[in-house]
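Peer 1: Provided herewith: my_file.cif, mmCIF, C-alpha atoms and all ligand atoms.
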```cif
data_protein
loop_
_atom_site.label_atom_id
_atom_site.label_comp_id
_atom_site.auth_asym_id
_atom_site.auth_seq_id
_atom_site.Cartn_x
_atom_site.Cartn_y
_atom_site.Cartn_z
CA MET A 1 -2.69 20.33 23.97
CA ALA A 2 -5.29 20.68 26.69
CA PHE A 3 -8.01 18.96 24.67
CA PHE A 4 -6.69 15.48 25.40
CA ASP A 5 -5.55 14.08 28.70
CA ILE A 6 -2.07 12.84 27.80
CA ASP A 7 0.56 12.17 30.48
CA LYS A 8 3.23 14.88 30.65
CA ARG A 9 6.05 12.38 30.15
CA ILE A 10 4.57 11.29 26.84
CA LYS A 11 4.03 14.89 25.77
CA ASP A 12 7.64 15.74 26.59
CA LEU A 13 9.00 12.72 24.75
CA SER A 14 6.78 13.53 21.78
CA SER A 15 8.17 17.05 21.53
CA LYS A 16 11.66 15.63 21.76
CA ALA A 17 10.85 13.13 18.99
CA VAL A 18 9.52 15.85 16.68
CA ASP A 19 12.59 18.02 17.33
CA LYS A 20 14.86 15.17 16.29
CA LEU A 21 12.98 14.66 13.02
CA ASP A 22 13.74 18.01 11.34
CA HIS A 23 15.88 16.52 8.60
CA VAL A 24 13.63 13.52 8.08
CA PHE A 25 10.60 15.80 7.63
CA GLU A 26 12.55 18.05 5.26
CA ARG A 27 13.27 15.07 3.04
CA ILE A 28 9.59 13.98 3.15
CA ASP A 29 8.50 17.52 2.22
CA GLU A 30 10.94 17.61 -0.65
CA ILE A 31 9.58 14.38 -2.15
CA SER A 32 6.01 15.52 -1.56
CA ALA A 33 6.68 18.84 -3.34
CA TYR A 34 8.21 16.99 -6.30
CA ASN A 35 5.30 14.56 -6.58
CA SER A 36 2.72 17.32 -6.07
CA GLU A 37 4.24 19.25 -8.98
CA LYS A 38 4.22 16.11 -11.11
CA VAL A 39 0.52 15.57 -10.34
CA LEU A 40 -0.43 19.20 -10.94
CA ALA A 41 1.40 19.21 -14.26
CA ALA A 42 -0.60 16.15 -15.34
CA PHE A 43 -3.85 17.95 -14.41
CA VAL A 44 -2.82 20.89 -16.58
CA ASN A 45 -1.59 18.70 -19.46
CA LYS A 46 -4.77 16.62 -19.51
CA GLN A 47 -7.01 19.70 -19.20
CA VAL A 48 -9.06 18.45 -16.28
CA SER A 49 -12.36 20.33 -16.21
CA GLU A 50 -15.44 20.44 -14.03
CA SER A 51 -17.56 18.77 -16.70
CA MET A 52 -15.55 15.59 -16.10
CA PHE A 53 -17.01 15.24 -12.62
CA ALA A 54 -20.49 14.55 -14.01
CA PRO A 55 -21.82 11.07 -13.26
CA SER A 56 -22.51 8.66 -16.10
CA THR A 57 -25.03 5.82 -15.99
CA GLY A 58 -25.81 2.68 -17.98
CA TYR A 59 -22.94 1.62 -20.24
CA GLY A 60 -21.10 4.85 -19.53
CA TYR A 61 -20.04 5.34 -23.15
CA GLY A 62 -17.96 8.44 -23.78
CA ASP A 63 -17.44 9.27 -20.09
CA ARG A 64 -14.72 11.91 -20.41
CA GLY A 65 -14.01 11.85 -16.69
CA ARG A 66 -13.28 8.13 -16.76
CA GLU A 67 -10.96 8.61 -19.72
CA VAL A 68 -9.09 11.51 -18.15
CA ILE A 69 -8.61 9.58 -14.90
CA ASP A 70 -6.89 6.79 -16.84
CA SER A 71 -4.64 9.28 -18.61
CA LEU A 72 -3.82 11.20 -15.40
CA PHE A 73 -2.71 8.03 -13.63
CA ALA A 74 -0.75 6.98 -16.71
CA GLU A 75 1.14 10.28 -16.86
CA VAL A 76 1.82 10.45 -13.11
CA PHE A 77 3.07 6.84 -12.91
CA GLY A 78 5.06 7.03 -16.15
CA ALA A 79 2.81 4.45 -17.83
CA GLU A 80 1.65 4.07 -21.43
CA ASP A 81 -1.89 3.50 -20.20
CA ALA A 82 -3.89 2.90 -17.03
CA LEU A 83 -7.12 1.31 -15.92
CA VAL A 84 -8.53 3.11 -12.87
CA ARG A 85 -12.00 2.10 -11.76
CA HIS A 86 -14.28 2.29 -8.74
CA ASN A 87 -15.36 -1.22 -9.85
CA PHE A 88 -12.17 -2.71 -8.45
CA VAL A 89 -13.47 -3.71 -5.02
CA SER A 90 -10.03 -3.84 -3.41
CA GLY A 91 -6.30 -4.11 -4.01
CA THR A 92 -6.61 -7.90 -4.12
CA HIS A 93 -9.26 -7.63 -6.83
CA SER A 94 -7.07 -5.30 -8.89
CA LEU A 95 -4.14 -7.71 -8.58
CA THR A 96 -6.43 -10.61 -9.49
CA VAL A 97 -7.57 -8.86 -12.66
CA ALA A 98 -3.93 -8.21 -13.60
CA LEU A 99 -2.95 -11.86 -13.01
CA PHE A 100 -5.91 -13.37 -14.86
CA GLY A 101 -5.72 -10.68 -17.53
CA VAL A 102 -2.18 -11.55 -18.56
CA LEU A 103 -1.62 -15.23 -17.63
CA ARG A 104 -2.85 -18.14 -19.76
CA PRO A 105 -3.08 -21.91 -19.10
CA GLY A 106 0.36 -23.49 -18.97
CA ASP A 107 2.09 -20.25 -17.99
CA THR A 108 4.21 -19.93 -14.87
CA LEU A 109 3.97 -17.11 -12.34
CA LEU A 110 7.17 -16.58 -10.33
CA SER A 111 7.21 -14.53 -7.12
CA ILE A 112 10.73 -13.28 -6.41
CA THR A 113 9.84 -11.61 -3.10
CA GLY A 114 8.79 -14.77 -1.27
CA LYS A 115 5.30 -15.45 -0.04
CA PRO A 116 2.90 -12.93 -1.56
CA TYR A 117 0.37 -10.89 0.41
CA ASP A 118 -2.01 -13.18 2.35
CA THR A 119 -5.10 -12.55 0.28
CA LEU A 120 -3.29 -13.58 -2.91
CA GLU A 121 -2.73 -17.13 -1.66
CA GLU A 122 -6.27 -18.21 -2.55
CA VAL A 123 -6.10 -16.32 -5.84
CA ILE A 124 -2.95 -18.20 -6.83
CA GLY A 125 -4.24 -21.45 -5.36
CA ILE A 126 -1.59 -22.11 -2.72
CA ARG A 127 -4.10 -22.07 0.15
CA GLU A 128 -7.35 -24.01 0.56
CA GLY A 129 -10.46 -22.40 -0.76
CA GLY A 130 -9.31 -20.81 -3.94
CA ASP A 131 -12.24 -21.83 -6.17
CA GLY A 132 -11.44 -20.48 -9.60
CA SER A 133 -7.81 -19.89 -8.62
CA LEU A 134 -5.00 -19.52 -11.15
CA ARG A 135 -4.06 -23.08 -10.30
CA GLU A 136 -7.50 -24.38 -11.35
CA PHE A 137 -6.91 -22.70 -14.69
CA GLY A 138 -3.61 -24.52 -15.15
CA ILE A 139 -1.28 -21.68 -14.22
CA HIS A 140 1.80 -22.80 -12.33
CA TYR A 141 3.34 -20.96 -9.42
CA ARG A 142 6.93 -20.82 -8.20
CA GLN A 143 8.43 -18.74 -5.45
CA ILE A 144 11.92 -17.52 -4.59
CA ASP A 145 12.35 -16.14 -1.09
CA LEU A 146 14.31 -13.00 -0.35
CA THR A 147 17.73 -13.63 1.19
CA ALA A 148 18.25 -13.41 4.94
CA GLY A 149 19.45 -9.84 4.43
CA GLY A 150 16.24 -8.94 2.60
CA GLY A 151 17.77 -8.80 -0.89
CA PHE A 152 16.88 -10.66 -4.09
CA ASP A 153 18.21 -14.23 -4.39
CA ILE A 154 19.87 -13.64 -7.75
CA ASP A 155 21.12 -17.23 -8.23
CA GLY A 156 17.73 -18.65 -7.30
CA ILE A 157 15.99 -16.31 -9.72
CA ARG A 158 18.40 -17.15 -12.53
CA THR A 159 17.88 -20.90 -12.04
CA ALA A 160 14.08 -20.57 -11.84
CA LEU A 161 14.02 -18.57 -15.07
CA GLN A 162 16.20 -21.13 -16.84
CA LYS A 163 14.12 -24.11 -15.65
CA ASN A 164 10.60 -22.75 -16.22
CA LYS A 165 8.87 -20.83 -18.94
CA VAL A 166 8.07 -17.88 -16.72
CA ARG A 167 5.39 -15.64 -18.18
CA MET A 168 5.20 -13.29 -15.21
CA VAL A 169 7.43 -12.24 -12.34
CA LEU A 170 5.70 -10.81 -9.26
CA ILE A 171 7.47 -8.31 -7.02
CA GLN A 172 5.84 -7.01 -3.84
CA ARG A 173 7.23 -3.58 -3.03
CA SER A 174 5.90 -3.23 0.51
CA ARG A 175 6.78 -5.36 3.50
CA GLY A 176 3.06 -5.92 3.98
CA TYR A 177 2.54 -7.47 7.37
CA SER A 178 5.99 -8.97 7.86
CA ILE A 179 9.23 -7.47 9.08
CA ARG A 180 11.20 -8.07 5.92
CA PRO A 181 12.46 -4.75 4.56
CA SER A 182 10.37 -3.04 1.89
CA LEU A 183 11.97 -2.78 -1.56
CA HIS A 184 13.20 0.56 -2.76
CA ILE A 185 12.60 1.46 -6.39
CA GLU A 186 16.31 1.53 -7.24
CA SER A 187 16.84 -1.92 -5.72
CA MET A 188 14.47 -3.38 -8.36
CA ARG A 189 16.39 -2.00 -11.34
CA ASP A 190 19.12 -4.65 -11.61
CA VAL A 191 16.90 -7.64 -10.92
CA ILE A 192 14.38 -6.47 -13.53
CA ALA A 193 17.22 -6.06 -16.05
CA LEU A 194 18.41 -9.58 -15.23
CA VAL A 195 14.94 -11.08 -15.76
CA LYS A 196 14.58 -9.22 -19.06
CA SER A 197 18.00 -10.35 -20.27
CA LEU A 198 17.28 -14.03 -19.54
CA SER A 199 13.63 -13.98 -20.57
CA PRO A 200 12.67 -10.92 -22.63
CA ASN A 201 8.95 -11.79 -22.85
CA THR A 202 8.44 -12.16 -19.12
CA VAL A 203 6.07 -9.54 -17.73
CA ILE A 204 7.19 -7.82 -14.52
CA LEU A 205 4.22 -7.08 -12.25
CA VAL A 206 4.81 -4.98 -9.14
CA ASP A 207 2.30 -5.06 -6.30
CA ASN A 208 2.63 -1.33 -5.55
CA CYS A 209 0.20 -1.24 -2.59
CA TYR A 210 1.28 1.28 0.10
CA GLY A 211 4.17 2.49 -2.06
CA GLU A 212 2.71 5.22 -4.28
CA PHE A 213 4.28 8.68 -3.85
CA VAL A 214 6.66 7.60 -1.09
CA GLU A 215 9.57 8.00 -3.52
CA LYS A 216 9.96 10.29 -6.53
CA ASN A 217 9.66 7.40 -8.97
CA GLU A 218 7.32 4.46 -9.32
CA PRO A 219 8.45 0.96 -10.39
CA LEU A 220 7.69 1.54 -14.10
CA ALA A 221 10.67 3.92 -14.14
CA VAL A 222 13.07 1.03 -13.46
CA GLY A 223 11.65 -1.39 -16.00
CA ALA A 224 8.50 -2.91 -14.49
CA ASP A 225 5.70 -3.57 -17.01
CA LEU A 226 2.64 -3.28 -14.77
CA ILE A 227 1.92 -1.79 -11.36
CA VAL A 228 -1.21 -2.36 -9.31
CA GLY A 229 -2.69 -0.73 -6.22
CA SER A 230 -5.74 0.24 -4.19
CA LEU A 231 -7.49 3.62 -4.10
CA ILE A 232 -8.27 3.33 -0.38
CA LYS A 233 -4.54 3.37 0.20
CA ASN A 234 -2.01 5.98 -1.02
CA PRO A 235 -3.21 7.08 -4.50
CA GLY A 236 -6.79 7.76 -3.37
CA GLY A 237 -5.48 10.50 -1.08
CA GLY A 238 -8.08 9.67 1.57
CA ILE A 239 -10.78 11.05 -0.72
CA ALA A 240 -11.54 8.13 -3.07
CA VAL A 241 -14.08 5.89 -1.32
CA THR A 242 -13.36 2.68 -3.24
CA GLY A 243 -11.48 1.40 -6.29
CA GLY A 244 -8.11 0.34 -7.63
CA TYR A 245 -5.75 0.83 -10.56
CA ILE A 246 -3.56 -1.05 -13.00
CA ALA A 247 -0.98 0.93 -14.98
CA GLY A 248 1.83 0.11 -17.39
CA LYS A 249 2.36 -1.13 -20.95
CA LYS A 250 -0.59 -0.33 -23.19
CA GLU A 251 -1.06 -3.86 -24.49
CA LEU A 252 -0.99 -5.36 -20.99
CA VAL A 253 -3.46 -2.79 -19.66
CA ARG A 254 -5.71 -3.68 -22.60
CA LEU A 255 -5.54 -7.37 -21.64
CA CYS A 256 -6.47 -6.50 -18.06
CA SER A 257 -9.41 -4.37 -19.22
CA GLN A 258 -10.74 -7.35 -21.19
CA ARG A 259 -10.72 -9.33 -17.99
CA LEU A 260 -12.31 -6.60 -15.85
CA THR A 261 -15.20 -6.25 -18.30
CA CYS A 262 -15.38 -8.59 -21.31
CA PRO A 263 -13.29 -9.67 -24.27
CA GLY A 264 -14.06 -7.23 -27.05
CA ILE A 265 -15.37 -4.52 -24.73
CA GLY A 266 -12.43 -3.69 -22.46
CA LYS A 267 -12.10 -0.20 -21.06
CA GLU A 268 -14.56 1.63 -23.30
CA VAL A 269 -17.49 1.09 -20.92
CA GLY A 270 -18.36 1.45 -17.26
CA ALA A 271 -20.67 3.97 -15.63
CA THR A 272 -18.82 6.09 -13.10
CA LEU A 273 -21.95 6.97 -11.06
CA GLY A 274 -20.45 10.16 -9.66
CA HIS A 275 -17.12 8.75 -8.41
CA ASN A 276 -14.94 10.72 -10.85
CA ARG A 277 -14.62 13.81 -8.71
CA GLU A 278 -13.44 11.83 -5.67
CA ILE A 279 -10.93 9.85 -7.67
CA ILE A 280 -9.56 12.96 -9.41
CA MET A 281 -9.41 15.01 -6.21
CA GLY A 282 -7.91 12.06 -4.33
CA LEU A 283 -5.05 11.81 -6.82
CA PHE A 284 -4.50 15.55 -6.48
CA MET A 285 -4.24 15.24 -2.68
CA ALA A 286 -2.28 11.98 -2.62
CA PRO A 287 1.35 13.22 -2.54
CA HIS A 288 0.52 15.50 0.39
CA ILE A 289 -1.52 12.92 2.29
CA VAL A 290 1.20 10.30 1.84
CA ALA A 291 3.68 12.80 3.34
CA GLU A 292 1.41 13.24 6.39
CA ALA A 293 1.26 9.45 6.79
CA LEU A 294 5.05 9.19 6.48
CA LYS A 295 5.59 11.88 9.12
CA THR A 296 3.25 9.97 11.42
CA ALA A 297 5.19 6.73 10.88
CA CYS A 298 8.56 8.43 11.48
CA PHE A 299 7.21 10.17 14.58
CA ALA A 300 5.96 6.91 16.05
CA ALA A 301 9.25 5.17 15.23
CA GLU A 302 11.20 7.92 16.99
CA LEU A 303 8.88 8.13 20.01
CA PHE A 304 8.85 4.39 20.65
CA SER A 305 12.55 3.97 20.07
CA LEU A 306 13.20 6.76 22.59
CA MET A 307 11.28 4.54 25.05
CA GLY A 308 13.46 1.54 24.16
CA TYR A 309 11.25 -0.41 21.73
CA ASP A 310 12.44 -2.09 18.52
CA VAL A 311 10.89 -0.35 15.52
CA PHE A 312 10.90 -1.32 11.82
CA PRO A 313 12.03 0.74 10.00
CA GLN A 314 14.00 3.25 12.11
CA SER A 315 12.73 6.84 12.04
CA ASN A 316 15.61 8.06 9.87
CA GLN A 317 15.81 5.13 7.43
CA PRO A 318 14.74 5.91 3.85
CA ARG A 319 11.24 4.59 3.18
CA THR A 320 9.42 3.14 0.21
CA ASP A 321 6.05 2.44 1.86
CA ILE A 322 3.94 3.91 4.66
CA ILE A 323 3.95 0.92 7.02
CA GLN A 324 5.52 1.11 10.47
CA ALA A 325 5.98 -1.83 12.80
CA ILE A 326 6.75 -1.69 16.54
CA LYS A 327 7.62 -4.68 18.67
CA LEU A 328 5.38 -4.22 21.71
CA GLU A 329 6.54 -7.36 23.54
CA SER A 330 3.29 -8.35 25.30
CA PRO A 331 -0.35 -9.03 24.40
CA ASP A 332 -1.59 -6.38 26.83
CA ALA A 333 0.72 -3.78 25.31
CA LEU A 334 -0.52 -4.61 21.80
CA ILE A 335 -4.18 -4.45 22.85
CA SER A 336 -3.69 -1.18 24.78
CA PHE A 337 -1.87 0.37 21.83
CA CYS A 338 -4.78 -0.36 19.48
CA GLN A 339 -7.41 0.74 21.99
CA GLY A 340 -5.52 3.97 22.69
CA MET A 341 -5.19 4.74 18.98
CA GLN A 342 -8.92 4.14 18.51
CA LYS A 343 -9.72 6.57 21.34
CA ALA A 344 -8.20 9.45 19.37
CA SER A 345 -9.82 8.56 16.01
CA PRO A 346 -12.20 10.98 14.32
CA VAL A 347 -14.80 8.24 13.74
CA ASP A 348 -15.86 5.55 16.26
CA SER A 349 -13.56 6.90 18.98
CA PHE A 350 -15.90 5.45 21.61
CA VAL A 351 -15.57 1.78 20.60
CA ALA A 352 -12.86 -0.44 22.08
CA PRO A 353 -11.32 -2.89 19.61
CA GLU A 354 -10.86 -6.46 20.90
CA PRO A 355 -8.83 -9.37 19.50
CA TRP A 356 -10.91 -11.66 17.24
CA GLU A 357 -10.54 -14.77 15.11
CA MET A 358 -10.06 -13.33 11.68
CA PRO A 359 -10.65 -15.82 8.85
CA GLY A 360 -7.38 -17.10 7.43
CA TYR A 361 -5.27 -16.32 10.51
CA SER A 362 -4.02 -18.89 12.99
CA SER A 363 -3.80 -16.42 15.90
CA LEU A 364 -6.20 -13.78 17.18
CA VAL A 365 -5.90 -10.40 15.46
CA ILE A 366 -6.64 -6.94 16.85
CA MET A 367 -7.30 -3.91 14.66
CA ALA A 368 -7.87 -0.22 15.28
CA SER A 369 -9.55 1.87 12.64
CA GLY A 370 -11.59 4.99 13.07
CA ALA A 371 -11.84 5.98 9.44
CA PHE A 372 -14.20 7.97 7.21
CA THR A 373 -13.90 5.23 4.58
CA ALA A 374 -14.41 1.71 5.94
CA GLY A 375 -11.16 -0.23 5.89
CA SER A 376 -9.17 2.68 4.52
CA SER A 377 -5.54 2.30 5.44
CA ILE A 378 -4.33 5.69 4.21
CA GLU A 379 -6.27 6.85 7.28
CA LEU A 380 -4.60 6.04 10.61
CA SER A 381 -5.15 2.35 11.31
CA ALA A 382 -3.36 -0.50 13.10
CA ASP A 383 -3.37 -4.28 13.07
CA GLY A 384 -1.50 -6.88 15.02
CA PRO A 385 -1.63 -10.65 15.36
CA VAL A 386 -1.81 -11.42 19.09
CA THR A 387 1.22 -13.70 19.07
CA PRO A 388 4.90 -13.20 19.98
CA PRO A 389 6.72 -10.90 19.44
CA TYR A 390 3.50 -8.83 19.55
CA LEU A 391 4.23 -6.57 16.62
CA VAL A 392 1.81 -3.82 15.84
CA TYR A 393 1.72 -2.75 12.18
CA PHE A 394 0.16 0.57 11.46
CA GLN A 395 -0.10 3.04 8.65
CA GLY A 396 -1.77 6.18 7.47
CA GLY A 397 -2.85 9.45 8.98
CA LEU A 398 -4.68 12.10 6.95
CA THR A 399 -3.11 14.92 8.92
CA PHE A 400 0.09 14.67 10.93
CA ALA A 401 -1.35 16.80 13.77
CA THR A 402 -4.25 14.42 14.40
CA ALA A 403 -2.42 11.18 13.62
CA ARG A 404 0.38 12.21 15.98
CA LEU A 405 -2.26 12.48 18.69
CA GLY A 406 -3.45 8.97 17.75
CA ILE A 407 0.06 7.66 18.43
CA MET A 408 0.38 9.62 21.68
CA SER A 409 -2.99 8.29 22.78
CA ALA A 410 -1.80 4.75 22.03
CA ALA A 411 1.25 5.27 24.26
CA ASN A 412 -0.91 6.93 26.91
CA GLU A 413 -3.28 3.96 27.04
CA MET A 414 -0.30 1.62 27.46
CA LEU A 415 0.93 3.81 30.32
CA LYS A 416 -2.49 3.78 32.01
CA LYS A 417 -2.59 -0.01 31.81
CA GLY A 418 0.92 -0.22 33.28
CA VAL A 419 2.44 -1.81 30.17
CA LEU A 420 4.54 1.05 28.76
CA LYS A 421 8.33 1.05 29.11
CA ILE A 422 9.16 4.66 29.91
C1 LIG A 501 -3.26 -4.04 1.00
C2 LIG A 501 -2.40 -4.87 0.16
C3 LIG A 501 -2.92 -5.78 -0.75
C4 LIG A 501 -4.37 -6.09 -0.88
O1 LIG A 501 -5.21 -5.01 -0.85
P1 LIG A 501 -6.69 -5.14 -0.24
O2 LIG A 501 -7.28 -3.85 -0.64
O3 LIG A 501 -6.54 -5.32 1.22
O4 LIG A 501 -7.33 -6.30 -0.91
C5 LIG A 501 -2.03 -6.49 -1.52
N1 LIG A 501 -0.71 -6.32 -1.40
C6 LIG A 501 -0.17 -5.46 -0.52
C7 LIG A 501 1.32 -5.32 -0.41
C8 LIG A 501 -0.99 -4.71 0.29
O5 LIG A 501 -0.46 -3.85 1.16
#
```
Take the structure from the file and write it as structure tokens.

Peer 2:
Amino acid sequence: MAFFDIDKRIKDLSSKAVDKLDHVFERIDEISAYNSEKVLAAFVNKQVSESMFAPSTGYGYGDRGREVIDSLFAEVFGAEDALVRHNFVSGTHSLTVALFGVLRPGDTLLSITGKPYDTLEEVIGIREGGDGSLREFGIHYRQIDLTAGGGFDIDGIRTALQKNKVRMVLIQRSRGYSIRPSLHIESMRDVIALVKSLSPNTVILVDNCYGEFVEKNEPLAVGADLIVGSLIKNPGGGIAVTGGYIAGKKELVRLCSQRLTCPGIGKEVGATLGHNREIIMGLFMAPHIVAEALKTACFAAELFSLMGYDVFPQSNQPRTDIIQAIKLESPDALISFCQGMQKASPVDSFVAPEPWEMPGYSSLVIMASGAFTAGSSIELSADGPVTPPYLVYFQGGLTFATARLGIMSAANEMLKKGVLKI
């Protein structure tokens, strides 16, 4: 690897880390092969053809590409129907459409995985701002935290369901930016069955961000009613340049489509402007790209734990999302890690990220991202709040070979600054 100036000790440890990951990579490849077959079969079943890549304009009536994208996602995720659009500006927007699409004044939304993802706080109305929040529309919110061990608080959930008329239960699959464990698909099965037995009309919504294609199944297979995610994360395969999806029960997807566009119009309109090809090709690539991101995460976990750092999860633990956290122990280590990762990015390698006051955060935050799609987190990217214990959270990597170098460069920068334990 003479193209990059990486210290020999880091190169040696990296080789050692890769050698130790044989079985982990085999398992990742096996899941990726399964999901790739599943996706290819959907392409064959739905008769994807080149004519579907043509852009539509205006109302976009009869856009066959748009229709086939919905049916591809539905088949792949085991859903009755799906709503996949470039018009979803982000994962948060997709989740917002799902919440407002299904909930009505007087209903209660119950999160059973504790505090939801940061950006949802204003949507729900539990943080200031929040104009037009669910709360303003008379929708109540309750929350049950996960137990200390990271499991569902079954008694708490049972009581909340008995006391409130819960219209929707929200489950967040990924750890997001916290060190609680992520929730495996199988671990949702029993709790979903419990909710359904106590309250059959309650809709189970899973925030599936960062989880797609990490396991063989998606949450709909264990009883969830709706799943939601972003196309600049896993299911866009690094190719989709914007967008999101909602998939699940046909009637619920219909309700969401009436919210995305208008009552009475729903999913029958929407010009695709030439985005169909990227979304279709992105789905095709996604199982493979997710595997590359997972190998990168496992590699980093192994490399940094060889050097004595705490990593979450461990390199050989089963995964259900692509996020890796490392406890870097000092502000300088966190900053060097992000700057080193940026140095080996394909885009904007020459800029040095600095901590900044990000709106909504109480501490400074540093981010590294040298991506082809702005803000894409299926591409290698890192964030960390500059506050103890100085955790860096990172995810993505379009190819393991290049993302591995991003991680090595991060370690190398820490070494150069004298803040690497080695
Ligand atoms: C990324 C993410 C979101 C929000 O997606 P944005 O595209 O950043 O708005 C919501 N929930 C989880 C778990 C996420 O990882």

Peer 1: How would you write, as a PDB file with C-alpha atoms, keeping the file's coordinate frame, the set of residues no farther than 9 Å from ligand LIG 501 (chain A) when counting only C-alpha atoms and all ligand atoms?

Peer 2:
```
ATOM      1  CA  VAL A  89     -13.470  -3.710  -5.020  1.00  0.00           C
ATOM      2  CA  SER A  90     -10.030  -3.840  -3.410  1.00  0.00           C
ATOM      3  CA  GLY A  91      -6.300  -4.110  -4.010  1.00  0.00           C
ATOM      4  CA  THR A  92      -6.610  -7.900  -4.120  1.00  0.00           C
ATOM      5  CA  HIS A  93      -9.260  -7.630  -6.830  1.00  0.00           C
ATOM      6  CA  SER A  94      -7.070  -5.300  -8.890  1.00  0.00           C
ATOM      7  CA  LEU A  95      -4.140  -7.710  -8.580  1.00  0.00           C
ATOM      8  CA  PRO A 116       2.900 -12.930  -1.560  1.00  0.00           C
ATOM      9  CA  TYR A 117       0.370 -10.890   0.410  1.00  0.00           C
ATOM     10  CA  ASP A 118      -2.010 -13.180   2.350  1.00  0.00           C
ATOM     11  CA  THR A 119      -5.100 -12.550   0.280  1.00  0.00           C
ATOM     12  CA  LEU A 120      -3.290 -13.580  -2.910  1.00  0.00           C
ATOM     13  CA  GLN A 172       5.840  -7.010  -3.840  1.00  0.00           C
ATOM     14  CA  ARG A 173       7.230  -3.580  -3.030  1.00  0.00           C
ATOM     15  CA  SER A 174       5.900  -3.230   0.510  1.00  0.00           C
ATOM     16  CA  ARG A 175       6.780  -5.360   3.500  1.00  0.00           C
ATOM     17  CA  GLY A 176       3.060  -5.920   3.980  1.00  0.00           C
ATOM     18  CA  TYR A 177       2.540  -7.470   7.370  1.00  0.00           C
ATOM     19  CA  ASP A 207       2.300  -5.060  -6.300  1.00  0.00           C
ATOM     20  CA  ASN A 208       2.630  -1.330  -5.550  1.00  0.00           C
ATOM     21  CA  CYS A 209       0.200  -1.240  -2.590  1.00  0.00           C
ATOM     22  CA  TYR A 210       1.280   1.280   0.100  1.00  0.00           C
ATOM     23  CA  GLY A 211       4.170   2.490  -2.060  1.00  0.00           C
ATOM     24  CA  VAL A 228      -1.210  -2.360  -9.310  1.00  0.00           C
ATOM     25  CA  GLY A 229      -2.690  -0.730  -6.220  1.00  0.00           C
ATOM     26  CA  SER A 230      -5.740   0.240  -4.190  1.00  0.00           C
ATOM     27  CA  LEU A 231      -7.490   3.620  -4.100  1.00  0.00           C
ATOM     28  CA  ILE A 232      -8.270   3.330  -0.380  1.00  0.00           C
ATOM     29  CA  LYS A 233      -4.540   3.370   0.200  1.00  0.00           C
ATOM     30  CA  GLY A 243     -11.480   1.400  -6.290  1.00  0.00           C
ATOM     31  CA  GLY A 244      -8.110   0.340  -7.630  1.00  0.00           C
ATOM     32  CA  ILE A 323       3.950   0.920   7.020  1.00  0.00           C
ATOM     33  CA  GLY A 375     -11.160  -0.230   5.890  1.00  0.00           C
ATOM     34  CA  SER A 376      -9.170   2.680   4.520  1.00  0.00           C
ATOM     35  CA  SER A 377      -5.540   2.300   5.440  1.00  0.00           C
TER      36      SER A 377
END
```

Peer 1: So, counting all atoms listed in the file, which residue among A:Thr272, A:Gln342, A:Thr373, A:Ser133 is closest to Gly60 in chain A?

Peer 2: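 Among A:Thr272, A:Gln342, A:Thr373, A:Ser133, it is A:Thr272 that comes nearest to Gly60 in chain A.
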
Peer 1: Of the residues A:Glu75, A:Val97, A:Tyr59, A:Ile366, which is the one nearest to Arg259 in chain A, using only C-alpha atoms?

Peer 2: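 Of the candidates, the smallest distance to Arg259 in chain A is held by A:Val97.
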
Peer 1: Looking at all atoms listed in the file, which of A:Met281, A:Ala293, A:Leu205, A:Val18 is the one that sits closest to Ala240 in chain A?

Peer 2: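 For Ala240 in chain A, the nearest of the given residues is A:Met281.
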
Peer 1: Rounded to one decimal place, report the CA of Ile204 in chain A-CA of Ala224 in chain A distance in Å.

Peer 2: 5.1 Å

Peer 1: Find the residues around Gln324 in chain A up to 9 Å (only C-alpha atoms counted), leave out those fewer than 4 positions away in its own chain, and share them as an MDAnalysis selection string.

Peer 2: chainID A and resid 297:298 300:301 311:314 392:395

Peer 1: Scan for residues within 10 Å of the point (-6.7, -9.4, 27.5) in the coordinates of the file, using all atoms listed in the file, and reply as number ranges by chain.

Peer 2: A: 331-336, 354-355, 386

Peer 1: Please provide the set of residues having any atom within 12 Å of Tyr34 in chain A, restricted to only C-alpha atoms, with same-chain residues fewer than 3 positions apart removed, written as a list in words.

Peer 2: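 What passes the distance filter is Arg27, Ile28, Asp29, Glu30, Ile31, Glu37, Lys38, Val39, Leu40, Ala41, Val76, Phe213, Val214, Glu215, Lys216, Asn217, Pro287, His288 and Ala291 of chain A.
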
Peer 1: What does the distance between CA of Ala33 in chain A and CA of Asp190 in chain A come to in Å, to one decimal place?

Peer 2: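 Taking CA of Ala33 in chain A as the start and CA of Asp190 in chain A as the end point, the length is 27.8 Å.
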
Peer 1: Tell me, as a list in words, which residues lie within 8 Å of Tyr390 in chain A, counting all atoms listed in the file; anything in the same chain fewer than 3 positions away does not count.

Peer 2: Lys327, Leu328, Glu329, Ser330, Pro331, Leu334, Gly384, Pro385, Val386 and Thr387 of chain A

Peer 1: A:Gly223, A:Asn276, A:Gly101, A:Ile139: which is nearest Glu251 in chain A, counting all atoms listed in the file?

Peer 2: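 Looking at the shortest contact to Glu251 in chain A, the residue is A:Gly101.
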
Peer 1: Please report the interatomic distance between CA of Ala98 in chain A and CA of Arg180 in chain A in Å with one decimal.

Peer 2: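 Result for CA of Ala98 in chain A versus CA of Arg180 in chain A: 24.7 Å, one decimal.
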